$ cat run-v6.txt   # compact mmCIF, C-alpha atoms
# COMPACT_ATOMS: atom_id res chain seq x y z
CA MET A 5 9.26 -18.34 1.31
CA LYS A 6 12.71 -16.95 0.63
CA VAL A 7 13.33 -14.37 3.34
CA TYR A 8 16.18 -11.87 3.47
CA VAL A 9 16.74 -10.29 6.89
CA VAL A 10 18.77 -7.06 7.05
CA TYR A 11 19.82 -6.40 10.62
CA CYS A 12 21.35 -3.14 11.82
CA HIS A 13 22.49 -2.40 15.36
CA PRO A 14 26.02 -1.86 16.73
CA SER A 15 25.42 -3.88 19.91
CA ASP A 16 24.78 -7.59 20.02
CA THR A 17 23.20 -7.32 23.48
CA SER A 18 20.64 -4.72 22.36
CA PHE A 19 16.88 -5.14 22.29
CA THR A 20 17.13 -4.95 18.50
CA ALA A 21 19.46 -7.99 18.58
CA ALA A 22 16.89 -9.80 20.74
CA ALA A 23 14.19 -8.94 18.19
CA ARG A 24 16.40 -10.31 15.42
CA ASN A 25 16.92 -13.56 17.35
CA ARG A 26 13.20 -14.01 17.84
CA ALA A 27 12.52 -13.17 14.20
CA LEU A 28 15.01 -15.86 13.14
CA ALA A 29 13.44 -18.31 15.60
CA GLY A 30 10.05 -17.69 13.97
CA LEU A 31 11.44 -18.07 10.46
CA LYS A 32 13.44 -21.24 11.18
CA GLY A 33 11.93 -24.38 9.68
CA ASN A 34 9.20 -22.41 7.95
CA HIS A 35 11.22 -20.40 5.45
CA GLU A 36 14.54 -20.27 3.61
CA VAL A 37 16.52 -17.48 5.28
CA ARG A 38 19.50 -15.29 4.48
CA ILE A 39 20.72 -12.58 6.83
CA SER A 40 23.03 -9.57 6.60
CA ASP A 41 24.43 -7.95 9.73
CA LEU A 42 25.61 -4.53 8.50
CA TYR A 43 27.76 -3.65 11.52
CA ALA A 44 29.38 -7.11 11.65
CA ASP A 45 30.09 -6.79 7.91
CA GLY A 46 31.81 -3.45 8.51
CA PHE A 47 29.60 -1.97 5.79
CA VAL A 48 30.65 1.52 4.69
CA PRO A 49 27.50 3.68 4.64
CA GLU A 50 28.92 6.80 2.95
CA LEU A 51 28.19 6.85 -0.78
CA SER A 52 31.50 7.82 -2.37
CA ALA A 53 32.21 10.58 -4.88
CA TRP A 54 32.98 7.88 -7.47
CA GLU A 55 29.68 6.12 -6.81
CA ARG A 56 27.80 9.39 -7.10
CA THR A 57 29.49 10.33 -10.38
CA ASN A 58 28.92 6.82 -11.80
CA HIS A 59 25.50 6.20 -10.30
CA LEU A 60 24.10 4.79 -13.53
CA SER A 61 27.04 2.45 -14.19
CA PRO A 62 26.36 -1.32 -14.02
CA PRO A 63 26.14 -2.64 -10.44
CA ASP A 64 29.07 -5.06 -10.88
CA THR A 65 31.37 -2.03 -11.13
CA LYS A 66 30.31 -0.88 -7.64
CA PRO A 67 32.56 -1.95 -4.78
CA GLY A 68 31.28 -4.14 -1.95
CA ILE A 69 27.62 -4.49 -2.92
CA ALA A 70 27.47 -7.70 -5.02
CA ALA A 71 26.40 -10.09 -2.22
CA TYR A 72 23.68 -7.72 -0.97
CA ALA A 73 22.38 -7.18 -4.49
CA GLU A 74 22.27 -10.96 -5.05
CA ASN A 75 20.21 -11.42 -1.87
CA LEU A 76 17.79 -8.68 -2.93
CA ARG A 77 17.25 -10.40 -6.29
CA TRP A 78 16.82 -13.78 -4.56
CA CYS A 79 14.31 -13.00 -1.82
CA GLU A 80 10.51 -12.92 -1.80
CA ALA A 81 10.30 -11.18 1.58
CA LEU A 82 12.62 -8.47 2.85
CA VAL A 83 12.72 -7.97 6.61
CA PHE A 84 14.47 -4.97 8.19
CA VAL A 85 15.39 -5.13 11.88
CA TYR A 86 16.68 -1.82 13.29
CA PRO A 87 16.16 0.82 16.00
CA THR A 88 14.45 4.02 14.85
CA TRP A 89 16.80 6.96 15.44
CA TRP A 90 15.82 10.53 14.57
CA ALA A 91 12.58 9.33 13.05
CA GLY A 92 14.26 6.99 10.59
CA GLN A 93 16.70 4.23 9.74
CA PRO A 94 20.14 4.43 11.38
CA ALA A 95 22.72 6.03 9.06
CA MET A 96 24.30 2.59 8.59
CA LEU A 97 21.06 1.26 7.09
CA LYS A 98 20.25 4.45 5.17
CA GLY A 99 23.71 4.19 3.62
CA TRP A 100 23.04 0.56 2.69
CA ILE A 101 19.95 1.74 0.81
CA ASP A 102 21.87 4.65 -0.78
CA ARG A 103 24.67 2.33 -1.98
CA VAL A 104 22.95 -1.01 -2.72
CA TRP A 105 19.57 0.00 -4.18
CA VAL A 106 21.23 1.36 -7.28
CA ALA A 107 20.55 1.29 -11.01
CA GLY A 108 20.68 -2.29 -12.27
CA VAL A 109 19.67 -3.65 -8.86
CA ALA A 110 16.54 -1.83 -7.71
CA TYR A 111 15.62 0.00 -10.91
CA GLU A 112 16.67 0.75 -14.44
CA LEU A 113 16.64 3.91 -16.44
CA PRO A 114 16.42 2.81 -20.07
CA GLU A 115 17.96 5.00 -22.76
CA GLY A 116 15.57 7.84 -23.56
CA ALA A 117 13.17 7.07 -20.70
CA ASN A 118 12.35 9.88 -18.32
CA ARG A 119 11.37 7.77 -15.35
CA ILE A 120 12.88 4.81 -13.60
CA ARG A 121 11.48 1.26 -13.91
CA PRO A 122 11.36 -1.11 -10.95
CA LEU A 123 13.49 -4.27 -10.99
CA LEU A 124 12.77 -6.03 -7.68
CA HIS A 125 9.51 -7.68 -8.80
CA ASN A 126 10.50 -10.76 -6.79
CA ILE A 127 9.89 -8.96 -3.47
CA ARG A 128 6.24 -9.28 -2.44
CA ARG A 129 6.56 -8.70 1.32
CA LEU A 130 8.33 -5.85 3.10
CA VAL A 131 8.52 -6.09 6.87
CA VAL A 132 10.01 -3.68 9.39
CA ILE A 133 10.75 -4.69 12.97
CA THR A 134 11.78 -1.61 14.93
CA SER A 135 11.64 0.20 18.27
CA HIS A 136 11.15 3.89 19.01
CA GLY A 137 12.35 5.84 22.03
CA SER A 138 9.39 8.20 21.74
CA SER A 139 5.64 7.71 21.71
CA LYS A 140 3.44 7.01 18.73
CA LEU A 141 2.10 10.57 19.00
CA ILE A 142 5.56 12.13 18.84
CA ASN A 143 6.38 9.88 15.89
CA SER A 144 3.29 11.08 14.03
CA LEU A 145 4.28 14.67 14.72
CA GLU A 146 7.75 13.90 13.39
CA GLY A 147 6.21 12.53 10.20
CA GLU A 148 7.36 8.87 10.42
CA GLY A 149 10.02 9.40 7.77
CA GLY A 150 11.56 5.95 8.27
CA LYS A 151 8.25 4.22 7.77
CA ARG A 152 7.51 6.11 4.59
CA ILE A 153 10.92 5.36 3.08
CA VAL A 154 10.06 1.66 3.24
CA THR A 155 6.32 1.72 2.54
CA ARG A 156 6.56 4.21 -0.30
CA SER A 157 10.05 4.87 -1.70
CA LEU A 158 11.28 1.25 -1.57
CA ARG A 159 7.95 -0.44 -2.17
CA VAL A 160 7.43 1.13 -5.58
CA LEU A 161 10.52 -0.77 -6.78
CA CYS A 162 9.19 -4.16 -5.62
CA SER A 163 6.29 -6.27 -6.88
CA LYS A 164 3.19 -4.24 -7.71
CA LYS A 165 1.33 -6.36 -5.18
CA ALA A 166 3.97 -6.00 -2.46
CA ARG A 167 2.45 -5.69 0.99
CA THR A 168 4.16 -4.06 3.93
CA LYS A 169 4.04 -4.89 7.62
CA TRP A 170 5.17 -2.60 10.43
CA ILE A 171 5.98 -4.18 13.80
CA ALA A 172 7.04 -1.43 16.19
CA LEU A 173 7.51 -0.94 19.90
CA TYR A 174 7.03 2.69 20.94
CA ASN A 175 8.23 4.32 24.19
CA ILE A 176 10.91 1.66 24.58
CA ASP A 177 12.90 3.59 27.23
CA THR A 178 9.98 3.57 29.66
CA SER A 179 8.42 0.25 28.59
CA SER A 180 7.92 -2.57 31.08
CA GLY A 181 9.47 -6.01 30.83
CA ALA A 182 6.06 -7.44 30.01
CA THR A 183 5.51 -4.99 27.13
CA ARG A 184 8.90 -5.83 25.69
CA ALA A 185 8.29 -9.55 26.01
CA ALA A 186 4.91 -9.18 24.29
CA HIS A 187 6.59 -7.30 21.43
CA LEU A 188 9.16 -10.08 20.98
CA ASP A 189 6.38 -12.69 20.98
CA ARG A 190 4.61 -10.68 18.31
CA VAL A 191 7.81 -10.57 16.22
CA GLU A 192 8.28 -14.33 16.39
CA LYS A 193 4.64 -15.03 15.58
CA ALA A 194 4.59 -12.64 12.62
CA MET A 195 7.70 -14.28 11.20
CA ARG A 196 6.34 -17.79 11.69
CA GLU A 197 3.14 -16.81 9.88
CA LEU A 198 4.84 -14.79 7.14
CA ARG A 199 3.48 -15.55 3.72
CA MET B 9 23.38 35.77 13.79
CA GLN B 10 25.69 32.82 14.17
CA VAL B 11 24.88 30.43 11.34
CA VAL B 12 26.09 26.85 10.90
CA VAL B 13 25.82 25.47 7.36
CA VAL B 14 25.88 21.66 7.22
CA LEU B 15 26.78 20.38 3.75
CA ALA B 16 26.49 16.73 2.68
CA HIS B 17 27.61 15.85 -0.84
CA PRO B 18 30.57 13.61 -1.81
CA ASN B 19 31.66 15.62 -4.86
CA SER B 20 33.43 18.90 -4.12
CA ASP B 21 32.34 20.23 -7.52
CA SER B 22 28.69 19.30 -6.95
CA PHE B 23 25.71 21.59 -7.33
CA SER B 24 25.15 21.23 -3.56
CA HIS B 25 28.58 22.78 -3.02
CA ALA B 26 27.63 25.62 -5.35
CA ILE B 27 24.46 26.11 -3.30
CA ALA B 28 26.42 26.21 -0.05
CA ASP B 29 28.82 28.78 -1.54
CA ARG B 30 25.98 31.04 -2.62
CA ALA B 31 24.18 30.60 0.70
CA CYS B 32 27.38 31.80 2.42
CA VAL B 33 27.61 34.82 0.10
CA GLY B 34 24.07 35.79 1.05
CA LEU B 35 24.53 35.16 4.76
CA ARG B 36 27.88 36.98 5.02
CA GLY B 37 26.50 39.81 2.90
CA ALA B 38 23.81 40.30 5.52
CA GLY B 39 26.45 40.47 8.25
CA HIS B 40 25.98 36.98 9.72
CA GLU B 41 28.86 34.92 11.03
CA VAL B 42 28.99 31.64 9.11
CA GLN B 43 30.65 28.31 9.79
CA VAL B 44 30.47 25.62 7.10
CA LEU B 45 30.64 21.94 8.04
CA ASP B 46 31.41 20.02 4.84
CA LEU B 47 30.79 16.51 6.19
CA TYR B 48 32.47 14.57 3.36
CA GLY B 49 35.37 17.03 3.26
CA LEU B 50 35.88 16.60 7.01
CA GLY B 51 35.77 12.81 6.69
CA PHE B 52 32.87 12.66 9.12
CA ARG B 53 32.00 9.05 10.04
CA ALA B 54 28.30 8.39 9.45
CA ALA B 55 27.71 5.24 11.46
CA MET B 56 27.21 5.38 15.20
CA SER B 57 29.85 2.97 16.52
CA MET B 58 29.60 0.54 19.41
CA ALA B 59 31.67 3.00 21.51
CA ASP B 60 29.37 5.90 20.54
CA HIS B 61 26.39 3.78 21.45
CA VAL B 62 27.74 2.95 24.92
CA ALA B 63 28.72 6.59 25.56
CA TYR B 64 25.28 7.81 24.43
CA HIS B 65 23.78 6.58 27.69
CA GLY B 66 26.63 7.91 29.86
CA ASP B 67 27.57 11.37 31.15
CA HIS B 68 29.75 12.31 28.15
CA PRO B 69 28.12 11.10 24.93
CA ALA B 70 30.40 13.07 22.56
CA ILE B 71 33.55 10.93 22.70
CA ASP B 72 34.74 11.73 19.18
CA PRO B 73 36.53 15.16 19.07
CA ILE B 74 34.80 16.16 15.81
CA VAL B 75 31.42 15.38 17.37
CA ALA B 76 32.25 17.46 20.46
CA GLU B 77 33.41 20.33 18.24
CA HIS B 78 30.24 20.27 16.12
CA GLY B 79 28.11 19.98 19.25
CA ALA B 80 29.72 23.10 20.73
CA LEU B 81 29.11 24.96 17.45
CA ILE B 82 25.40 24.19 17.29
CA LYS B 83 24.99 25.11 20.95
CA ARG B 84 26.05 28.66 19.98
CA ALA B 85 24.15 28.78 16.69
CA ASP B 86 21.13 30.98 16.03
CA ALA B 87 20.40 29.28 12.72
CA LEU B 88 21.12 25.89 11.14
CA VAL B 89 21.21 25.62 7.34
CA PHE B 90 21.26 22.15 5.76
CA VAL B 91 22.39 21.68 2.17
CA TYR B 92 22.10 18.18 0.69
CA PRO B 93 20.80 16.13 -2.24
CA THR B 94 17.64 14.13 -1.39
CA TRP B 95 18.32 10.42 -1.83
CA TRP B 96 15.58 7.85 -1.29
CA SER B 97 13.25 10.65 -0.22
CA SER B 98 15.53 11.46 2.69
CA LEU B 99 18.91 12.58 3.98
CA PRO B 100 22.16 11.09 2.68
CA ALA B 101 23.48 8.60 5.27
CA ILE B 102 26.33 10.94 6.26
CA LEU B 103 23.84 13.67 7.26
CA LYS B 104 21.52 11.21 8.99
CA GLY B 105 24.58 9.95 10.91
CA TRP B 106 25.57 13.52 11.79
CA LEU B 107 22.17 13.96 13.49
CA GLU B 108 22.56 10.66 15.33
CA ARG B 109 26.09 11.33 16.55
CA VAL B 110 26.02 15.10 17.21
CA MET B 111 22.43 15.57 18.39
CA VAL B 112 23.00 13.53 21.54
CA PRO B 113 21.71 13.95 25.11
CA GLY B 114 23.14 17.10 26.67
CA ILE B 115 23.37 18.85 23.29
CA ALA B 116 20.13 18.52 21.36
CA PHE B 117 17.96 17.44 24.26
CA VAL B 118 17.99 16.43 27.88
CA PHE B 119 16.16 13.70 29.72
CA ASN B 120 14.15 15.09 32.65
CA ASP B 121 13.61 13.28 35.99
CA LYS B 122 10.83 11.19 34.50
CA GLY B 123 12.99 10.10 31.57
CA LYS B 124 11.09 12.34 29.14
CA VAL B 125 12.91 14.15 26.35
CA ARG B 126 13.09 17.95 26.66
CA PRO B 127 14.42 20.34 23.97
CA GLY B 128 18.06 21.35 24.36
CA LEU B 129 18.54 23.64 21.38
CA SER B 130 16.32 26.61 22.25
CA ASN B 131 19.16 28.84 20.95
CA VAL B 132 18.33 27.78 17.37
CA ARG B 133 15.73 30.22 16.05
CA ARG B 134 15.86 29.23 12.39
CA ILE B 135 16.14 25.92 10.56
CA VAL B 136 16.69 26.15 6.81
CA GLY B 137 16.80 23.25 4.36
CA ILE B 138 18.10 23.55 0.80
CA SER B 139 17.86 20.36 -1.20
CA THR B 140 18.00 19.04 -4.74
CA TYR B 141 15.68 16.29 -5.96
CA GLY B 142 15.87 13.88 -8.88
CA SER B 143 12.07 13.66 -8.87
CA PRO B 144 9.55 16.30 -9.86
CA ARG B 145 7.80 18.18 -7.08
CA ALA B 146 4.49 16.29 -7.44
CA TYR B 147 6.24 12.93 -7.01
CA VAL B 148 8.15 14.19 -3.97
CA ARG B 149 4.82 15.22 -2.41
CA LEU B 150 3.27 11.84 -3.18
CA ILE B 151 6.10 9.73 -1.80
CA ASN B 152 6.70 12.22 1.05
CA ASP B 153 9.71 14.39 1.63
CA ASN B 154 11.13 12.47 4.55
CA GLY B 155 14.38 14.44 4.76
CA ARG B 156 12.39 17.64 5.08
CA ARG B 157 10.17 16.07 7.74
CA THR B 158 13.19 14.92 9.73
CA LEU B 159 14.66 18.42 9.82
CA THR B 160 11.55 20.59 10.07
CA ARG B 161 9.62 18.32 12.45
CA ALA B 162 11.85 15.84 14.33
CA LEU B 163 14.75 18.27 14.77
CA ARG B 164 12.43 21.18 15.41
CA LEU B 165 10.91 19.37 18.38
CA ASN B 166 14.36 19.82 19.96
CA THR B 167 14.79 23.49 19.13
CA GLY B 168 11.37 24.57 20.29
CA LEU B 169 8.18 25.43 18.48
CA ARG B 170 9.18 29.07 18.19
CA THR B 171 11.86 28.08 15.72
CA ARG B 172 10.87 29.10 12.20
CA THR B 173 11.69 26.92 9.24
CA ALA B 174 12.33 27.70 5.60
CA TRP B 175 12.68 25.29 2.69
CA LEU B 176 14.19 25.75 -0.76
CA GLY B 177 14.05 22.87 -3.24
CA LEU B 178 15.26 22.37 -6.78
CA TYR B 179 13.11 19.57 -8.20
CA ALA B 180 13.71 17.33 -11.24
CA ILE B 181 17.32 18.49 -11.22
CA ASP B 182 18.43 16.07 -13.98
CA SER B 183 16.28 17.88 -16.52
CA ALA B 184 16.87 21.39 -15.12
CA THR B 185 18.44 23.81 -17.57
CA ALA B 186 21.52 25.91 -16.77
CA THR B 187 19.20 28.92 -16.50
CA GLN B 188 16.97 27.17 -13.97
CA ARG B 189 19.98 26.16 -11.92
CA ASN B 190 21.37 29.68 -11.94
CA GLU B 191 18.00 31.09 -10.98
CA PHE B 192 17.86 28.68 -8.09
CA LEU B 193 21.32 29.78 -6.91
CA ASP B 194 20.21 33.42 -7.10
CA ARG B 195 17.13 32.52 -5.07
CA VAL B 196 19.29 30.82 -2.44
CA GLU B 197 21.57 33.83 -2.10
CA GLN B 198 18.66 36.25 -1.91
CA ARG B 199 16.78 34.17 0.64
CA MET B 200 19.84 33.82 2.85
CA ARG B 201 20.51 37.54 2.64
CA SER B 202 17.06 38.23 4.08
CA LEU B 203 17.19 35.54 6.77

$ encode --input "run-v6.txt" --output "structure tokens"
Amino acid sequence: MKVYVVYCHPSDTSFTAAARNRALAGLKGNHEVRISDLYADGFVPELSAWERTNHLSPPDTKPGIAAYAENLRWCEALVFVYPTWWAGQPAMLKGWIDRVWVAGVAYELPEGANRIRPLLHNIRRLVVITSHGSSKLINSLEGEGGKRIVTRSLRVLCSKKARTKWIALYNIDTSSGATRAAHLDRVEKAMRELR
Amino acid sequence: MQVVVVLAHPNSDSFSHAIADRACVGLRGAGHEVQVLDLYGLGFRAAMSMADHVAYHGDHPAIDPIVAEHGALIKRADALVFVYPTWWSSLPAILKGWLERVMVPGIAFVFNDKGKVRPGLSNVRRIVGISTYGSPRAYVRLINDNGRRTLTRALRLNTGLRTRTAWLGLYAIDSATATQRNEFLDRVEQRMRSL
């Protein structure tokens, strides 16, 4: 499978970085892999005034998104690796969605049509690998916004049969070494068995 | 009341800016003291940096002067009003990043002896969201309004359950007529006057 991993954490010694490493270990040899490291790329997450005004212009007119757009069109599985902050994706990753999933990449709005049409039919698996500071209960109370952005908002622009997988570690701040290790094992196994 | 209006739209001539202006007219008309934080206008940096991330776990998380200034403002605020366009069913990255960087330990919450999160913003009695949506209301319900959830649930857990929330949305904005837009602005002003 062609797998595109989008990794987002400022620190390379973080638990999220460890999860990314184990995900890549699981994917290696079994799948064709491309990875983007948004912080290392120095990605700019703020959608600009120009981008907002020209949001329906062709994607090749948009600065700094061509390589990401190419990877989105190439992959069959999209894997996000990030920490959940304030119930959702870090601003860096939210900005990547705001700026890269634009008209001509993720959807099109044909002349005269009143609703958008999906373009990322190639993506049939959406996977999120994340960790939460708070408990599962608190996350339900908060509404799991980050989860729903992926499983609903993004999924409707992928293949109609796209399946999603959520691999999360809750209560990370108080979790034991064994719990963390088990989570990392689960990440590697899920990636090895991805299909 | 002391009211902080947080505005997140890249275009200074946007409808969101018009909303913020009318919200201020209503609030000031009712005798409230208002401070507007125009995040794009202030050049607020959305992404939590490596330095921010390290400081987050230390004694002084707010290392950026603008973050410290905004933190001090919300500590004095009785009401927080958020004005933004909903993108990808959620907050624009710059507003998500504002939550991540300003709502840090010692400001929005504190960790108790057991490492549990306790609310730190009991001074905030009202949370108001005013947002515009490309999608019709039924679709927003179906896909979930994750920006709204983040502010009225996740943030509210840090202000206390006595905090009341209010939400004003203009749906299907692309097909809204000038009359509908003006009516919405009138509604915003009126609602803010009676806050």

$ residues_around --input "run-v6.txt" --residues "Ser139 (chain A)" --least-positions-apart "4" --cutoff "7 Å" --atoms "all atoms listed in the file" --output "compact mmCIF listing (two decimals) with C-alpha atoms, keeping the file's coordinate frame"
# COMPACT_ATOMS: atom_id res chain seq x y z
CA ASN A 143 6.38 9.88 15.89
CA TYR A 174 7.03 2.69 20.94
CA ASN A 175 8.23 4.32 24.19

$ closest_atom_pairs --input "run-v6.txt" --of "chain B" --to "chain A" --cutoff "6 Å" --atoms "all atoms listed in the file" --output "tab-separated table"
residue	atom	partner	partner_atom	distance
B:Pro18	CA	A:Ala53	CA	4.6
B:Asn19	CA	A:Ala53	CA	5.1
B:Ala55	CA	A:Met96	CA	5.2
B:Met58	CA	A:Pro14	CA	5.1
B:Ala101	CA	A:Ala95	CA	4.6
B:Ile102	CA	A:Glu50	CA	5.9
B:Lys104	CA	A:Ala95	CA	5.3
B:Gly105	CA	A:Ala95	CA	4.7
B:Ile151	CA	A:Arg156	CA	5.7
B:Asn154	CA	A:Gly149	CA	4.6
B:Arg157	CA	A:Gly147	CA	5.9
B:Arg161	CA	A:Glu146	CA	4.9
B:Ala162	CA	A:Glu146	CA	4.6

$ atom_distance --input "run-v6.txt" --atom1 "CA of Gly68 (chain A)" --atom2 "CA of Leu124 (chain A)"
19.5 Å

$ residues_around --input "run-v6.txt" --residues "region 70-73 of chain B" --least-positions-apart "6" --cutoff "10 Å" --atoms "all atoms listed in the file" --output "PyMOL selection string"
chain B and resi 53+59-60+63-64+79+109-115

$ residues_around --input "run-v6.txt" --residues "Ala70 (chain A)" --least-positions-apart "3" --cutoff "12 Å" --atoms "all atoms listed in the file" --output "list in words"
Pro62, Pro63, Asp64, Thr65, Lys66, Pro67, Ala73, Glu74, Asn75, Leu76, Arg77, Arg103, Val104, Trp105, Val106, Gly108 and Val109 of chain A

$ decode --input "run-v6.txt" --residues "region 40-52 of chain A" --atoms "N, CA and C atoms" --output "PDB file, in the first residue's frame"
ATOM      1  N   SER A  40       5.833  13.463   5.816  1.00  0.00           N
ATOM      2  CA  SER A  40       6.051  14.908   5.973  1.00  0.00           C
ATOM      3  C   SER A  40       6.171  15.206   7.457  1.00  0.00           C
ATOM      4  N   ASP A  41       7.167  16.015   7.796  1.00  0.00           N
ATOM      5  CA  ASP A  41       7.385  16.441   9.175  1.00  0.00           C
ATOM      6  C   ASP A  41       7.146  17.958   9.162  1.00  0.00           C
ATOM      7  N   LEU A  42       5.950  18.371   9.610  1.00  0.00           N
ATOM      8  CA  LEU A  42       5.528  19.765   9.402  1.00  0.00           C
ATOM      9  C   LEU A  42       6.431  20.769  10.113  1.00  0.00           C
ATOM     10  N   TYR A  43       6.848  20.469  11.327  1.00  0.00           N
ATOM     11  CA  TYR A  43       7.756  21.381  12.031  1.00  0.00           C
ATOM     12  C   TYR A  43       9.114  21.453  11.351  1.00  0.00           C
ATOM     13  N   ALA A  44       9.671  20.286  10.964  1.00  0.00           N
ATOM     14  CA  ALA A  44      10.983  20.279  10.302  1.00  0.00           C
ATOM     15  C   ALA A  44      10.907  21.040   8.972  1.00  0.00           C
ATOM     16  N   ASP A  45       9.749  20.952   8.310  1.00  0.00           N
ATOM     17  CA  ASP A  45       9.564  21.670   7.043  1.00  0.00           C
ATOM     18  C   ASP A  45       9.422  23.177   7.248  1.00  0.00           C
ATOM     19  N   GLY A  46       9.199  23.600   8.483  1.00  0.00           N
ATOM     20  CA  GLY A  46       8.931  25.019   8.732  1.00  0.00           C
ATOM     21  C   GLY A  46       7.623  25.449   8.089  1.00  0.00           C
ATOM     22  N   PHE A  47       6.652  24.541   8.060  1.00  0.00           N
ATOM     23  CA  PHE A  47       5.365  24.852   7.430  1.00  0.00           C
ATOM     24  C   PHE A  47       4.722  26.067   8.107  1.00  0.00           C
ATOM     25  N   VAL A  48       4.122  26.931   7.298  1.00  0.00           N
ATOM     26  CA  VAL A  48       3.432  28.112   7.826  1.00  0.00           C
ATOM     27  C   VAL A  48       1.948  27.787   7.959  1.00  0.00           C
ATOM     28  N   PRO A  49       1.411  27.694   9.181  1.00  0.00           N
ATOM     29  CA  PRO A  49       0.030  27.227   9.336  1.00  0.00           C
ATOM     30  C   PRO A  49      -1.051  28.285   9.128  1.00  0.00           C
ATOM     31  N   GLU A  50      -0.674  29.571   9.097  1.00  0.00           N
ATOM     32  CA  GLU A  50      -1.695  30.619   8.988  1.00  0.00           C
ATOM     33  C   GLU A  50      -2.108  30.816   7.531  1.00  0.00           C
ATOM     34  N   LEU A  51      -3.348  30.497   7.217  1.00  0.00           N
ATOM     35  CA  LEU A  51      -3.883  30.779   5.883  1.00  0.00           C
ATOM     36  C   LEU A  51      -3.816  32.288   5.658  1.00  0.00           C
ATOM     37  N   SER A  52      -3.228  32.692   4.518  1.00  0.00           N
ATOM     38  CA  SER A  52      -3.026  34.132   4.304  1.00  0.00           C
ATOM     39  C   SER A  52      -4.264  34.803   3.728  1.00  0.00           C
TER      40      SER A  52
END
